[in-house]
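Written out below as structure tokens is the structure these notes cover.
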Amino acid sequence: MPNDELPPVSNWLQDGFHRFIRPLLRRHFHAIAIERESLNQLGCIDASPVIVYANHPSWWDPLVSHFLNRVLFSPRQFYAPIDAEALQKYRVFGKLGFYGVKMSTTHGAASFLKQSRRILDHPQTAIWMTPEGKFADPRDHSTTLMPGLSHLSSRMENGHIIPLALEYVFWDERLPVCLTKLGQPFDVAANDLLTKPEWATALTDRLRQTQRDLAALSTQRCSDPFESLLSGAKGGGLVYDSFRRAKSIVKRQAFDSSHGEQFK
């Protein structure tokens, strides 16, 4: 592959993928929402490359990341490292922007840096990463971030690196809510003197602070600070809501399947 060639993706397949995942997310979440004020962080982002790095609480993270990239960062092309063996099993993911890495080996780490730098050499690209490297509770901040992120950050010449906090919470509805919050971006050019260890510390601190800020909002169980990006199912399900609907008809009241006021 030439040095300036990006991993191949299929626009047609990606469009179809998003037509699939939107109804999938609607069936499994009451809402996907972002903390409203953190949207202001996007105002400083130009066409230069972007890395979005997030905590890793759930199996849903890759799908949610692909969705967020389409909603918040379009027309940037989504890319994300994925375990090479998993990519061999699900080759179609390679056409959706995922690229295989073997971070447990020296050769794999070098390949990750080479592929990632090739992507970041192009404008209008975004690499999404979960550098905790394993599932972790969003309130557990003890996991050390994998060194690939800080190594890559120290070698970038321009662009922005943005922390993203993710939580999946149950509030008043039967289905969970996916809450997200963007942290303050790093301007790579303004931090070009940071060493790799300094990058590691700064990246970790900013992600954990973003997680703490989101956790404080999450425990308030109020949707007012959030902007809904996708509205999903509500109510208790077909059987339970059928009884509630019948009761409303008897009382000549309008039926509302919601159990709470969040994201109405």
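Residue numbers start at 1 in each chain; chains themselves are named A, B, ... in the order of the structure tokens; ligands are numbered from 1 in the order shown.
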Per DSSP on the backbone, what are the strand (DSSP E) residues of range 9-170 of chain A, as a PDB file with all heavy atoms, in the first residue's frame?
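New file part-v5.pdb:
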ATOM      1  N   ALA A  31     -32.606   7.040  24.583  1.00  0.00           N
ATOM      2  CA  ALA A  31     -32.030   8.207  23.920  1.00  0.00           C
ATOM      3  C   ALA A  31     -30.520   8.057  23.875  1.00  0.00           C
ATOM      4  O   ALA A  31     -29.926   7.366  24.707  1.00  0.00           O
ATOM      5  CB  ALA A  31     -32.409   9.504  24.642  1.00  0.00           C
ATOM      6  N   ILE A  32     -29.920   8.696  22.894  1.00  0.00           N
ATOM      7  CA  ILE A  32     -28.471   8.933  22.878  1.00  0.00           C
ATOM      8  C   ILE A  32     -28.312  10.437  22.903  1.00  0.00           C
ATOM      9  O   ILE A  32     -28.876  11.147  22.055  1.00  0.00           O
ATOM     10  CB  ILE A  32     -27.805   8.325  21.636  1.00  0.00           C
ATOM     11  CG1 ILE A  32     -27.945   6.802  21.653  1.00  0.00           C
ATOM     12  CG2 ILE A  32     -26.338   8.720  21.563  1.00  0.00           C
ATOM     13  CD1 ILE A  32     -27.359   6.114  20.432  1.00  0.00           C
ATOM     14  N   ALA A  33     -27.578  10.941  23.881  1.00  0.00           N
ATOM     15  CA  ALA A  33     -27.547  12.382  24.117  1.00  0.00           C
ATOM     16  C   ALA A  33     -26.140  12.846  24.456  1.00  0.00           C
ATOM     17  O   ALA A  33     -25.318  12.079  24.968  1.00  0.00           O
ATOM     18  CB  ALA A  33     -28.510  12.758  25.244  1.00  0.00           C
ATOM     19  N   ILE A  34     -25.874  14.108  24.185  1.00  0.00           N
ATOM     20  CA  ILE A  34     -24.580  14.701  24.489  1.00  0.00           C
ATOM     21  C   ILE A  34     -24.782  15.922  25.374  1.00  0.00           C
ATOM     22  O   ILE A  34     -25.775  16.660  25.216  1.00  0.00           O
ATOM     23  CB  ILE A  34     -23.821  15.084  23.193  1.00  0.00           C
ATOM     24  CG1 ILE A  34     -22.400  15.551  23.505  1.00  0.00           C
ATOM     25  CG2 ILE A  34     -24.578  16.148  22.402  1.00  0.00           C
ATOM     26  CD1 ILE A  34     -21.508  15.634  22.293  1.00  0.00           C
ATOM     27  N   GLU A  35     -23.893  16.103  26.316  1.00  0.00           N
ATOM     28  CA  GLU A  35     -23.954  17.281  27.191  1.00  0.00           C
ATOM     29  C   GLU A  35     -23.865  18.529  26.311  1.00  0.00           C
ATOM     30  O   GLU A  35     -22.938  18.680  25.517  1.00  0.00           O
ATOM     31  CB  GLU A  35     -22.817  17.222  28.217  1.00  0.00           C
ATOM     32  CG  GLU A  35     -22.942  18.219  29.356  1.00  0.00           C
ATOM     33  CD  GLU A  35     -22.265  19.530  29.027  1.00  0.00           C
ATOM     34  OE1 GLU A  35     -21.253  19.510  28.295  1.00  0.00           O
ATOM     35  OE2 GLU A  35     -22.742  20.586  29.493  1.00  0.00           O
ATOM     36  N   VAL A  50      -8.333  14.525  13.426  1.00  0.00           N
ATOM     37  CA  VAL A  50      -8.862  14.469  14.787  1.00  0.00           C
ATOM     38  C   VAL A  50      -8.701  13.057  15.334  1.00  0.00           C
ATOM     39  O   VAL A  50      -8.886  12.074  14.618  1.00  0.00           O
ATOM     40  CB  VAL A  50     -10.358  14.869  14.800  1.00  0.00           C
ATOM     41  CG1 VAL A  50     -11.043  14.417  16.082  1.00  0.00           C
ATOM     42  CG2 VAL A  50     -10.517  16.366  14.634  1.00  0.00           C
ATOM     43  N   ILE A  51      -8.342  12.984  16.619  1.00  0.00           N
ATOM     44  CA  ILE A  51      -8.424  11.736  17.374  1.00  0.00           C
ATOM     45  C   ILE A  51      -9.459  11.946  18.474  1.00  0.00           C
ATOM     46  O   ILE A  51      -9.391  12.926  19.221  1.00  0.00           O
ATOM     47  CB  ILE A  51      -7.077  11.342  18.009  1.00  0.00           C
ATOM     48  CG1 ILE A  51      -6.035  11.026  16.940  1.00  0.00           C
ATOM     49  CG2 ILE A  51      -7.250  10.120  18.926  1.00  0.00           C
ATOM     50  CD1 ILE A  51      -4.654  10.721  17.514  1.00  0.00           C
ATOM     51  N   VAL A  52     -10.436  11.060  18.550  1.00  0.00           N
ATOM     52  CA  VAL A  52     -11.387  11.058  19.651  1.00  0.00           C
ATOM     53  C   VAL A  52     -11.093   9.820  20.489  1.00  0.00           C
ATOM     54  O   VAL A  52     -11.130   8.702  19.980  1.00  0.00           O
ATOM     55  CB  VAL A  52     -12.847  11.019  19.153  1.00  0.00           C
ATOM     56  CG1 VAL A  52     -13.812  11.062  20.337  1.00  0.00           C
ATOM     57  CG2 VAL A  52     -13.124  12.172  18.188  1.00  0.00           C
ATOM     58  N   TYR A  53     -10.757  10.021  21.744  1.00  0.00           N
ATOM     59  CA  TYR A  53     -10.440   8.873  22.604  1.00  0.00           C
ATOM     60  C   TYR A  53     -11.409   8.852  23.782  1.00  0.00           C
ATOM     61  O   TYR A  53     -11.720   9.874  24.379  1.00  0.00           O
ATOM     62  CB  TYR A  53      -8.986   8.902  23.068  1.00  0.00           C
ATOM     63  CG  TYR A  53      -8.621   9.974  24.064  1.00  0.00           C
ATOM     64  CD1 TYR A  53      -8.403   9.658  25.410  1.00  0.00           C
ATOM     65  CD2 TYR A  53      -8.480  11.309  23.678  1.00  0.00           C
ATOM     66  CE1 TYR A  53      -8.050  10.638  26.332  1.00  0.00           C
ATOM     67  CE2 TYR A  53      -8.126  12.289  24.587  1.00  0.00           C
ATOM     68  CZ  TYR A  53      -7.915  11.943  25.918  1.00  0.00           C
ATOM     69  OH  TYR A  53      -7.568  12.917  26.835  1.00  0.00           O
ATOM     70  N   ALA A  54     -11.932   7.659  24.069  1.00  0.00           N
ATOM     71  CA  ALA A  54     -13.032   7.527  25.029  1.00  0.00           C
ATOM     72  C   ALA A  54     -12.757   6.416  26.031  1.00  0.00           C
ATOM     73  O   ALA A  54     -11.928   5.532  25.793  1.00  0.00           O
ATOM     74  CB  ALA A  54     -14.338   7.238  24.288  1.00  0.00           C
ATOM     75  N   GLN A  77     -14.195  11.108   7.701  1.00  0.00           N
ATOM     76  CA  GLN A  77     -14.258   9.660   7.587  1.00  0.00           C
ATOM     77  C   GLN A  77     -13.867   9.028   8.917  1.00  0.00           C
ATOM     78  O   GLN A  77     -12.835   9.358   9.499  1.00  0.00           O
ATOM     79  CB  GLN A  77     -13.324   9.162   6.481  1.00  0.00           C
ATOM     80  CG  GLN A  77     -13.207   7.653   6.379  1.00  0.00           C
ATOM     81  CD  GLN A  77     -14.550   6.968   6.161  1.00  0.00           C
ATOM     82  OE1 GLN A  77     -15.312   7.364   5.274  1.00  0.00           O
ATOM     83  NE2 GLN A  77     -14.850   5.957   6.959  1.00  0.00           N
ATOM     84  N   PHE A  78     -14.700   8.124   9.382  1.00  0.00           N
ATOM     85  CA  PHE A  78     -14.461   7.387  10.624  1.00  0.00           C
ATOM     86  C   PHE A  78     -13.422   6.305  10.400  1.00  0.00           C
ATOM     87  O   PHE A  78     -13.475   5.546   9.433  1.00  0.00           O
ATOM     88  CB  PHE A  78     -15.780   6.756  11.078  1.00  0.00           C
ATOM     89  CG  PHE A  78     -15.649   5.777  12.221  1.00  0.00           C
ATOM     90  CD1 PHE A  78     -15.874   6.202  13.524  1.00  0.00           C
ATOM     91  CD2 PHE A  78     -15.342   4.439  11.993  1.00  0.00           C
ATOM     92  CE1 PHE A  78     -15.786   5.304  14.582  1.00  0.00           C
ATOM     93  CE2 PHE A  78     -15.250   3.538  13.044  1.00  0.00           C
ATOM     94  CZ  PHE A  78     -15.464   3.971  14.341  1.00  0.00           C
ATOM     95  N   TYR A  79     -12.457   6.221  11.342  1.00  0.00           N
ATOM     96  CA  TYR A  79     -11.516   5.105  11.417  1.00  0.00           C
ATOM     97  C   TYR A  79     -11.382   4.699  12.882  1.00  0.00           C
ATOM     98  O   TYR A  79     -11.515   5.537  13.787  1.00  0.00           O
ATOM     99  CB  TYR A  79     -10.133   5.489  10.873  1.00  0.00           C
ATOM    100  CG  TYR A  79     -10.104   5.703   9.377  1.00  0.00           C
ATOM    101  CD1 TYR A  79     -10.152   6.991   8.841  1.00  0.00           C
ATOM    102  CD2 TYR A  79     -10.032   4.629   8.497  1.00  0.00           C
ATOM    103  CE1 TYR A  79     -10.139   7.194   7.474  1.00  0.00           C
ATOM    104  CE2 TYR A  79     -10.010   4.826   7.126  1.00  0.00           C
ATOM    105  CZ  TYR A  79     -10.064   6.108   6.619  1.00  0.00           C
ATOM    106  OH  TYR A  79     -10.054   6.298   5.263  1.00  0.00           O
ATOM    107  N   ALA A  80     -11.135   3.420  13.109  1.00  0.00           N
ATOM    108  CA  ALA A  80     -10.949   2.943  14.477  1.00  0.00           C
ATOM    109  C   ALA A  80     -10.116   1.669  14.469  1.00  0.00           C
ATOM    110  O   ALA A  80     -10.382   0.756  13.681  1.00  0.00           O
ATOM    111  CB  ALA A  80     -12.291   2.682  15.153  1.00  0.00           C
ATOM    112  N   PRO A  81      -9.108   1.587  15.331  1.00  0.00           N
ATOM    113  CA  PRO A  81      -8.353   0.335  15.450  1.00  0.00           C
ATOM    114  C   PRO A  81      -9.202  -0.730  16.115  1.00  0.00           C
ATOM    115  O   PRO A  81      -9.991  -0.450  17.011  1.00  0.00           O
ATOM    116  CB  PRO A  81      -7.158   0.736  16.325  1.00  0.00           C
ATOM    117  CG  PRO A  81      -7.630   1.916  17.114  1.00  0.00           C
ATOM    118  CD  PRO A  81      -8.603   2.643  16.233  1.00  0.00           C
ATOM    119  N   ILE A  82      -9.026  -1.967  15.651  1.00  0.00           N
ATOM    120  CA  ILE A  82      -9.761  -3.103  16.185  1.00  0.00           C
ATOM    121  C   ILE A  82      -8.824  -4.296  16.214  1.00  0.00           C
ATOM    122  O   ILE A  82      -7.869  -4.366  15.428  1.00  0.00           O
ATOM    123  CB  ILE A  82     -11.025  -3.394  15.333  1.00  0.00           C
ATOM    124  CG1 ILE A  82     -11.915  -4.441  15.988  1.00  0.00           C
ATOM    125  CG2 ILE A  82     -10.635  -3.821  13.927  1.00  0.00           C
ATOM    126  CD1 ILE A  82     -13.226  -4.666  15.241  1.00  0.00           C
ATOM    127  N   ASP A  83      -9.057  -5.215  17.127  1.00  0.00           N
ATOM    128  CA  ASP A  83      -8.220  -6.402  17.221  1.00  0.00           C
ATOM    129  C   ASP A  83      -8.165  -7.108  15.860  1.00  0.00           C
ATOM    130  O   ASP A  83      -9.198  -7.358  15.222  1.00  0.00           O
ATOM    131  CB  ASP A  83      -8.789  -7.350  18.281  1.00  0.00           C
ATOM    132  CG  ASP A  83      -7.950  -8.617  18.412  1.00  0.00           C
ATOM    133  OD1 ASP A  83      -6.858  -8.551  18.986  1.00  0.00           O
ATOM    134  OD2 ASP A  83      -8.415  -9.669  17.912  1.00  0.00           O
ATOM    135  N   PHE A  98     -12.766   0.385  10.136  1.00  0.00           N
ATOM    136  CA  PHE A  98     -11.993  -0.297  11.170  1.00  0.00           C
ATOM    137  C   PHE A  98     -10.730  -0.910  10.544  1.00  0.00           C
ATOM    138  O   PHE A  98     -10.777  -1.437   9.431  1.00  0.00           O
ATOM    139  CB  PHE A  98     -12.827  -1.405  11.823  1.00  0.00           C
ATOM    140  CG  PHE A  98     -14.009  -0.896  12.603  1.00  0.00           C
ATOM    141  CD1 PHE A  98     -15.254  -0.737  11.992  1.00  0.00           C
ATOM    142  CD2 PHE A  98     -13.893  -0.566  13.945  1.00  0.00           C
ATOM    143  CE1 PHE A  98     -16.345  -0.266  12.704  1.00  0.00           C
ATOM    144  CE2 PHE A  98     -14.978  -0.092  14.673  1.00  0.00           C
ATOM    145  CZ  PHE A  98     -16.204   0.051  14.054  1.00  0.00           C
ATOM    146  N   TYR A  99      -9.619  -0.823  11.259  1.00  0.00           N
ATOM    147  CA  TYR A  99      -8.379  -1.415  10.759  1.00  0.00           C
ATOM    148  C   TYR A  99      -7.734  -2.253  11.858  1.00  0.00           C
ATOM    149  O   TYR A  99      -7.758  -1.904  13.030  1.00  0.00           O
ATOM    150  CB  TYR A  99      -7.415  -0.352  10.220  1.00  0.00           C
ATOM    151  CG  TYR A  99      -7.031   0.749  11.187  1.00  0.00           C
ATOM    152  CD1 TYR A  99      -5.794   0.741  11.834  1.00  0.00           C
ATOM    153  CD2 TYR A  99      -7.885   1.820  11.436  1.00  0.00           C
ATOM    154  CE1 TYR A  99      -5.421   1.765  12.707  1.00  0.00           C
ATOM    155  CE2 TYR A  99      -7.533   2.846  12.297  1.00  0.00           C
ATOM    156  CZ  TYR A  99      -6.297   2.807  12.934  1.00  0.00           C
ATOM    157  OH  TYR A  99      -5.939   3.821  13.799  1.00  0.00           O
ATOM    158  N   GLY A 100      -7.175  -3.397  11.455  1.00  0.00           N
ATOM    159  CA  GLY A 100      -6.699  -4.379  12.414  1.00  0.00           C
ATOM    160  C   GLY A 100      -5.347  -4.058  13.010  1.00  0.00           C
ATOM    161  O   GLY A 100      -4.442  -3.578  12.317  1.00  0.00           O
ATOM    162  N   VAL A 101      -5.206  -4.325  14.311  1.00  0.00           N
ATOM    163  CA  VAL A 101      -3.932  -4.122  15.011  1.00  0.00           C
ATOM    164  C   VAL A 101      -3.697  -5.298  15.963  1.00  0.00           C
ATOM    165  O   VAL A 101      -4.638  -5.946  16.410  1.00  0.00           O
ATOM    166  CB  VAL A 101      -3.908  -2.797  15.812  1.00  0.00           C
ATOM    167  CG1 VAL A 101      -4.053  -1.599  14.901  1.00  0.00           C
ATOM    168  CG2 VAL A 101      -5.008  -2.776  16.868  1.00  0.00           C
ATOM    169  N   THR A 125     -10.297  13.424   8.465  1.00  0.00           N
ATOM    170  CA  THR A 125     -10.295  12.068   9.006  1.00  0.00           C
ATOM    171  C   THR A 125     -10.424  12.148  10.523  1.00  0.00           C
ATOM    172  O   THR A 125     -10.037  13.136  11.149  1.00  0.00           O
ATOM    173  CB  THR A 125      -9.010  11.315   8.645  1.00  0.00           C
ATOM    174  OG1 THR A 125      -7.866  12.071   9.078  1.00  0.00           O
ATOM    175  CG2 THR A 125      -8.921  11.066   7.148  1.00  0.00           C
ATOM    176  N   ALA A 126     -10.951  11.090  11.103  1.00  0.00           N
ATOM    177  CA  ALA A 126     -11.063  11.007  12.560  1.00  0.00           C
ATOM    178  C   ALA A 126     -10.795   9.569  12.986  1.00  0.00           C
ATOM    179  O   ALA A 126     -11.396   8.637  12.448  1.00  0.00           O
ATOM    180  CB  ALA A 126     -12.452  11.435  13.026  1.00  0.00           C
ATOM    181  N   ILE A 127      -9.877   9.399  13.914  1.00  0.00           N
ATOM    182  CA  ILE A 127      -9.609   8.098  14.507  1.00  0.00           C
ATOM    183  C   ILE A 127     -10.264   8.059  15.880  1.00  0.00           C
ATOM    184  O   ILE A 127     -10.047   8.931  16.710  1.00  0.00           O
ATOM    185  CB  ILE A 127      -8.097   7.827  14.635  1.00  0.00           C
ATOM    186  CG1 ILE A 127      -7.454   7.707  13.253  1.00  0.00           C
ATOM    187  CG2 ILE A 127      -7.850   6.543  15.430  1.00  0.00           C
ATOM    188  CD1 ILE A 127      -5.961   7.434  13.293  1.00  0.00           C
ATOM    189  N   TRP A 128     -11.093   7.038  16.104  1.00  0.00           N
ATOM    190  CA  TRP A 128     -11.780   6.851  17.374  1.00  0.00           C
ATOM    191  C   TRP A 128     -11.112   5.703  18.118  1.00  0.00           C
ATOM    192  O   TRP A 128     -10.923   4.617  17.552  1.00  0.00           O
ATOM    193  CB  TRP A 128     -13.257   6.561  17.144  1.00  0.00           C
ATOM    194  CG  TRP A 128     -14.014   7.736  16.605  1.00  0.00           C
ATOM    195  CD1 TRP A 128     -13.880   8.306  15.369  1.00  0.00           C
ATOM    196  CD2 TRP A 128     -15.015   8.501  17.285  1.00  0.00           C
ATOM    197  NE1 TRP A 128     -14.736   9.372  15.238  1.00  0.00           N
ATOM    198  CE2 TRP A 128     -15.451   9.504  16.398  1.00  0.00           C
ATOM    199  CE3 TRP A 128     -15.602   8.413  18.544  1.00  0.00           C
ATOM    200  CZ2 TRP A 128     -16.430  10.433  16.743  1.00  0.00           C
ATOM    201  CZ3 TRP A 128     -16.584   9.332  18.889  1.00  0.00           C
ATOM    202  CH2 TRP A 128     -16.990  10.336  17.998  1.00  0.00           C
ATOM    203  N   MET A 129     -10.762   5.939  19.382  1.00  0.00           N
ATOM    204  CA  MET A 129     -10.019   4.951  20.148  1.00  0.00           C
ATOM    205  C   MET A 129     -10.614   4.782  21.542  1.00  0.00           C
ATOM    206  O   MET A 129     -11.169   5.733  22.113  1.00  0.00           O
ATOM    207  CB  MET A 129      -8.538   5.369  20.292  1.00  0.00           C
ATOM    208  CG  MET A 129      -7.813   5.584  18.991  1.00  0.00           C
ATOM    209  SD  MET A 129      -6.143   6.240  19.247  1.00  0.00           S
ATOM    210  CE  MET A 129      -5.435   4.947  20.253  1.00  0.00           C
ATOM    211  N   HIS A 160      -6.340  17.889  16.320  1.00  0.00           N
ATOM    212  CA  HIS A 160      -6.889  17.979  17.668  1.00  0.00           C
ATOM    213  C   HIS A 160      -7.144  16.585  18.227  1.00  0.00           C
ATOM    214  O   HIS A 160      -7.480  15.661  17.488  1.00  0.00           O
ATOM    215  CB  HIS A 160      -8.192  18.778  17.668  1.00  0.00           C
ATOM    216  CG  HIS A 160      -8.010  20.232  17.371  1.00  0.00           C
ATOM    217  ND1 HIS A 160      -7.932  20.722  16.087  1.00  0.00           N
ATOM    218  CD2 HIS A 160      -7.868  21.303  18.197  1.00  0.00           C
ATOM    219  CE1 HIS A 160      -7.750  22.039  16.129  1.00  0.00           C
ATOM    220  NE2 HIS A 160      -7.725  22.411  17.389  1.00  0.00           N
ATOM    221  N   ILE A 161      -6.995  16.463  19.535  1.00  0.00           N
ATOM    222  CA  ILE A 161      -7.233  15.212  20.244  1.00  0.00           C
ATOM    223  C   ILE A 161      -8.296  15.500  21.295  1.00  0.00           C
ATOM    224  O   ILE A 161      -8.115  16.364  22.159  1.00  0.00           O
ATOM    225  CB  ILE A 161      -5.946  14.681  20.897  1.00  0.00           C
ATOM    226  CG1 ILE A 161      -4.843  14.554  19.842  1.00  0.00           C
ATOM    227  CG2 ILE A 161      -6.195  13.338  21.578  1.00  0.00           C
ATOM    228  CD1 ILE A 161      -3.477  14.247  20.414  1.00  0.00           C
ATOM    229  N   ILE A 162      -9.419  14.783  21.216  1.00  0.00           N
ATOM    230  CA  ILE A 162     -10.600  15.138  21.995  1.00  0.00           C
ATOM    231  C   ILE A 162     -10.991  13.987  22.917  1.00  0.00           C
ATOM    232  O   ILE A 162     -11.249  12.875  22.439  1.00  0.00           O
ATOM    233  CB  ILE A 162     -11.790  15.466  21.074  1.00  0.00           C
ATOM    234  CG1 ILE A 162     -11.382  16.478  20.006  1.00  0.00           C
ATOM    235  CG2 ILE A 162     -12.970  15.981  21.889  1.00  0.00           C
ATOM    236  CD1 ILE A 162     -12.441  16.714  18.953  1.00  0.00           C
ATOM    237  N   PRO A 163     -11.064  14.222  24.225  1.00  0.00           N
ATOM    238  CA  PRO A 163     -11.579  13.186  25.136  1.00  0.00           C
ATOM    239  C   PRO A 163     -13.088  13.098  25.057  1.00  0.00           C
ATOM    240  O   PRO A 163     -13.785  14.103  24.845  1.00  0.00           O
ATOM    241  CB  PRO A 163     -11.120  13.677  26.513  1.00  0.00           C
ATOM    242  CG  PRO A 163     -11.001  15.154  26.371  1.00  0.00           C
ATOM    243  CD  PRO A 163     -10.623  15.430  24.946  1.00  0.00           C
ATOM    244  N   LEU A 164     -13.599  11.893  25.205  1.00  0.00           N
ATOM    245  CA  LEU A 164     -15.041  11.654  25.174  1.00  0.00           C
ATOM    246  C   LEU A 164     -15.406  10.723  26.318  1.00  0.00           C
ATOM    247  O   LEU A 164     -14.854   9.628  26.442  1.00  0.00           O
ATOM    248  CB  LEU A 164     -15.452  11.012  23.846  1.00  0.00           C
ATOM    249  CG  LEU A 164     -16.892  10.498  23.749  1.00  0.00           C
ATOM    250  CD1 LEU A 164     -17.869  11.674  23.702  1.00  0.00           C
ATOM    251  CD2 LEU A 164     -17.076   9.611  22.520  1.00  0.00           C
ATOM    252  N   ALA A 165     -16.333  11.155  27.166  1.00  0.00           N
ATOM    253  CA  ALA A 165     -16.837  10.324  28.251  1.00  0.00           C
ATOM    254  C   ALA A 165     -18.146   9.680  27.819  1.00  0.00           C
ATOM    255  O   ALA A 165     -19.007  10.331  27.219  1.00  0.00           O
ATOM    256  CB  ALA A 165     -17.050  11.157  29.512  1.00  0.00           C
ATOM    257  N   LEU A 166     -18.282   8.376  28.136  1.00  0.00           N
ATOM    258  CA  LEU A 166     -19.472   7.607  27.798  1.00  0.00           C
ATOM    259  C   LEU A 166     -20.050   6.971  29.054  1.00  0.00           C
ATOM    260  O   LEU A 166     -19.311   6.465  29.890  1.00  0.00           O
ATOM    261  CB  LEU A 166     -19.132   6.483  26.811  1.00  0.00           C
ATOM    262  CG  LEU A 166     -18.677   6.843  25.401  1.00  0.00           C
ATOM    263  CD1 LEU A 166     -18.130   5.602  24.711  1.00  0.00           C
ATOM    264  CD2 LEU A 166     -19.823   7.433  24.603  1.00  0.00           C
ATOM    265  N   GLU A 167     -21.377   7.003  29.175  1.00  0.00           N
ATOM    266  CA  GLU A 167     -22.067   6.260  30.231  1.00  0.00           C
ATOM    267  C   GLU A 167     -23.369   5.711  29.664  1.00  0.00           C
ATOM    268  O   GLU A 167     -23.997   6.340  28.804  1.00  0.00           O
ATOM    269  CB  GLU A 167     -22.387   7.153  31.439  1.00  0.00           C
ATOM    270  CG  GLU A 167     -21.207   7.476  32.323  1.00  0.00           C
ATOM    271  CD  GLU A 167     -21.627   7.832  33.751  1.00  0.00           C
ATOM    272  OE1 GLU A 167     -22.770   7.513  34.131  1.00  0.00           O
ATOM    273  OE2 GLU A 167     -20.809   8.433  34.462  1.00  0.00           O
ATOM    274  N   TYR A 168     -23.753   4.553  30.151  1.00  0.00           N
ATOM    275  CA  TYR A 168     -25.041   3.955  29.804  1.00  0.00           C
ATOM    276  C   TYR A 168     -25.814   3.801  31.110  1.00  0.00           C
ATOM    277  O   TYR A 168     -25.429   3.012  31.973  1.00  0.00           O
ATOM    278  CB  TYR A 168     -24.841   2.598  29.125  1.00  0.00           C
ATOM    279  CG  TYR A 168     -23.984   2.684  27.873  1.00  0.00           C
ATOM    280  CD1 TYR A 168     -22.596   2.583  27.954  1.00  0.00           C
ATOM    281  CD2 TYR A 168     -24.556   2.879  26.619  1.00  0.00           C
ATOM    282  CE1 TYR A 168     -21.807   2.668  26.819  1.00  0.00           C
ATOM    283  CE2 TYR A 168     -23.774   2.961  25.477  1.00  0.00           C
ATOM    284  CZ  TYR A 168     -22.394   2.854  25.581  1.00  0.00           C
ATOM    285  OH  TYR A 168     -21.613   2.934  24.455  1.00  0.00           O
ATOM    286  N   VAL A 169     -26.885   4.571  31.255  1.00  0.00           N
ATOM    287  CA  VAL A 169     -27.562   4.651  32.547  1.00  0.00           C
ATOM    288  C   VAL A 169     -29.049   4.329  32.403  1.00  0.00           C
ATOM    289  O   VAL A 169     -29.658   4.562  31.350  1.00  0.00           O
ATOM    290  CB  VAL A 169     -27.403   6.050  33.175  1.00  0.00           C
ATOM    291  CG1 VAL A 169     -25.941   6.369  33.415  1.00  0.00           C
ATOM    292  CG2 VAL A 169     -28.023   7.135  32.287  1.00  0.00           C
TER     293      VAL A 169
END
Determine, counting only C-alpha atoms, which protein, DNA and RNA residues have an atom within 7 Å of an atom of range 133-142 of chain A; residues of the same chain fewer than 5 positions away are not included. Present the result as a ChimeraX atom specification.
/A:55-58,167,208
For C-alpha atoms, I'd like the residues from the last selection saved as an mmCIF file, in the first residue's frame.
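As written to disk, out.cif reads:
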data_model
loop_
_atom_site.group_PDB
_atom_site.id
_atom_site.type_symbol
_atom_site.label_atom_id
_atom_site.label_comp_id
_atom_site.auth_asym_id
_atom_site.auth_seq_id
_atom_site.Cartn_x
_atom_site.Cartn_y
_atom_site.Cartn_z
ATOM 1 C CA ASN A 55 -13.484 5.318 28.046
ATOM 2 C CA HIS A 56 -14.748 1.812 27.258
ATOM 3 C CA PRO A 57 -17.805 0.853 29.345
ATOM 4 C CA SER A 58 -19.757 -1.288 26.896
ATOM 5 C CA GLU A 167 -22.067 6.260 30.231
ATOM 6 C CA ARG A 208 -10.867 11.257 33.738
#
Residues near Glu261 in chain A, anyone? I mean within 10 Å using only C-alpha atoms, not counting same-chain ones fewer than 5 positions away, as a PDB file with N, CA and C atoms, in the first residue's frame.
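selection-v8.pdb written:
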ATOM      1  N   ASP A 172     -35.674   6.646  34.210  1.00  0.00           N
ATOM      2  CA  ASP A 172     -37.062   6.316  34.499  1.00  0.00           C
ATOM      3  C   ASP A 172     -37.679   5.324  33.516  1.00  0.00           C
ATOM      4  N   GLU A 173     -37.062   5.164  32.364  1.00  0.00           N
ATOM      5  CA  GLU A 173     -37.638   4.305  31.336  1.00  0.00           C
ATOM      6  C   GLU A 173     -37.081   2.880  31.418  1.00  0.00           C
ATOM      7  N   CYS A 222     -31.407  14.033  35.252  1.00  0.00           N
ATOM      8  CA  CYS A 222     -32.144  15.103  34.596  1.00  0.00           C
ATOM      9  C   CYS A 222     -31.587  15.278  33.178  1.00  0.00           C
ATOM     10  N   SER A 223     -32.475  15.351  32.199  1.00  0.00           N
ATOM     11  CA  SER A 223     -32.021  15.456  30.816  1.00  0.00           C
ATOM     12  C   SER A 223     -31.810  16.892  30.358  1.00  0.00           C
ATOM     13  N   ASP A 224     -32.132  17.872  31.189  1.00  0.00           N
ATOM     14  CA  ASP A 224     -32.042  19.271  30.765  1.00  0.00           C
ATOM     15  C   ASP A 224     -30.658  19.673  30.241  1.00  0.00           C
TER      16      ASP A 224
END
Computed gap from CA of Ser150 in chain A to CA of Gln88 in chain A is 26.8 Å
Set the distance at 12 Å and use only C-alpha atoms: which residues neighbour range 230-233 of chain A once local chain neighbours fewer than 3 positions away are removed? I'd like the list as a count of residues only.
36
Report the distance between CA of His107 in chain A and CA of Asp187 in chain A in Å, rounded to one decimal place.
29.1 Å
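Contact shell of Asp121 in chain A at 9 Å (only C-alpha atoms; same-chain neighbours under 2 positions omitted): A:Asp4, A:Ser48, A:Pro49, A:Ser116, A:Arg117, A:Arg118, A:Ile119, A:Pro123, A:Thr125, A:Met156.
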One decimal, in Å: what's the spacing between CA of Val9 in chain A and CA of Val92 in chain A?
9.6 Å
Looking only at the backbone, which of the residues in range 17-233 of chain A does DSSP tag as helix (DSSP H, G or I), as a PyMOL selection string?
chain A and resi 17-28+36-44+61-72+84-89+91-96+106-120+147-155+188-191+196-218
Have a look at A:Gly148, A:Leu207, A:Pro7, A:Pro197 and name the one nearest to Thr106 in chain A; count only C-alpha atoms.
A:Gly148
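Of the listed residues A:Gln115, A:Ser74, A:Ser218, A:Ser10, the one whose atoms come nearest to Lys181 in chain A is A:Ser218, with distances taken using only C-alpha atoms.
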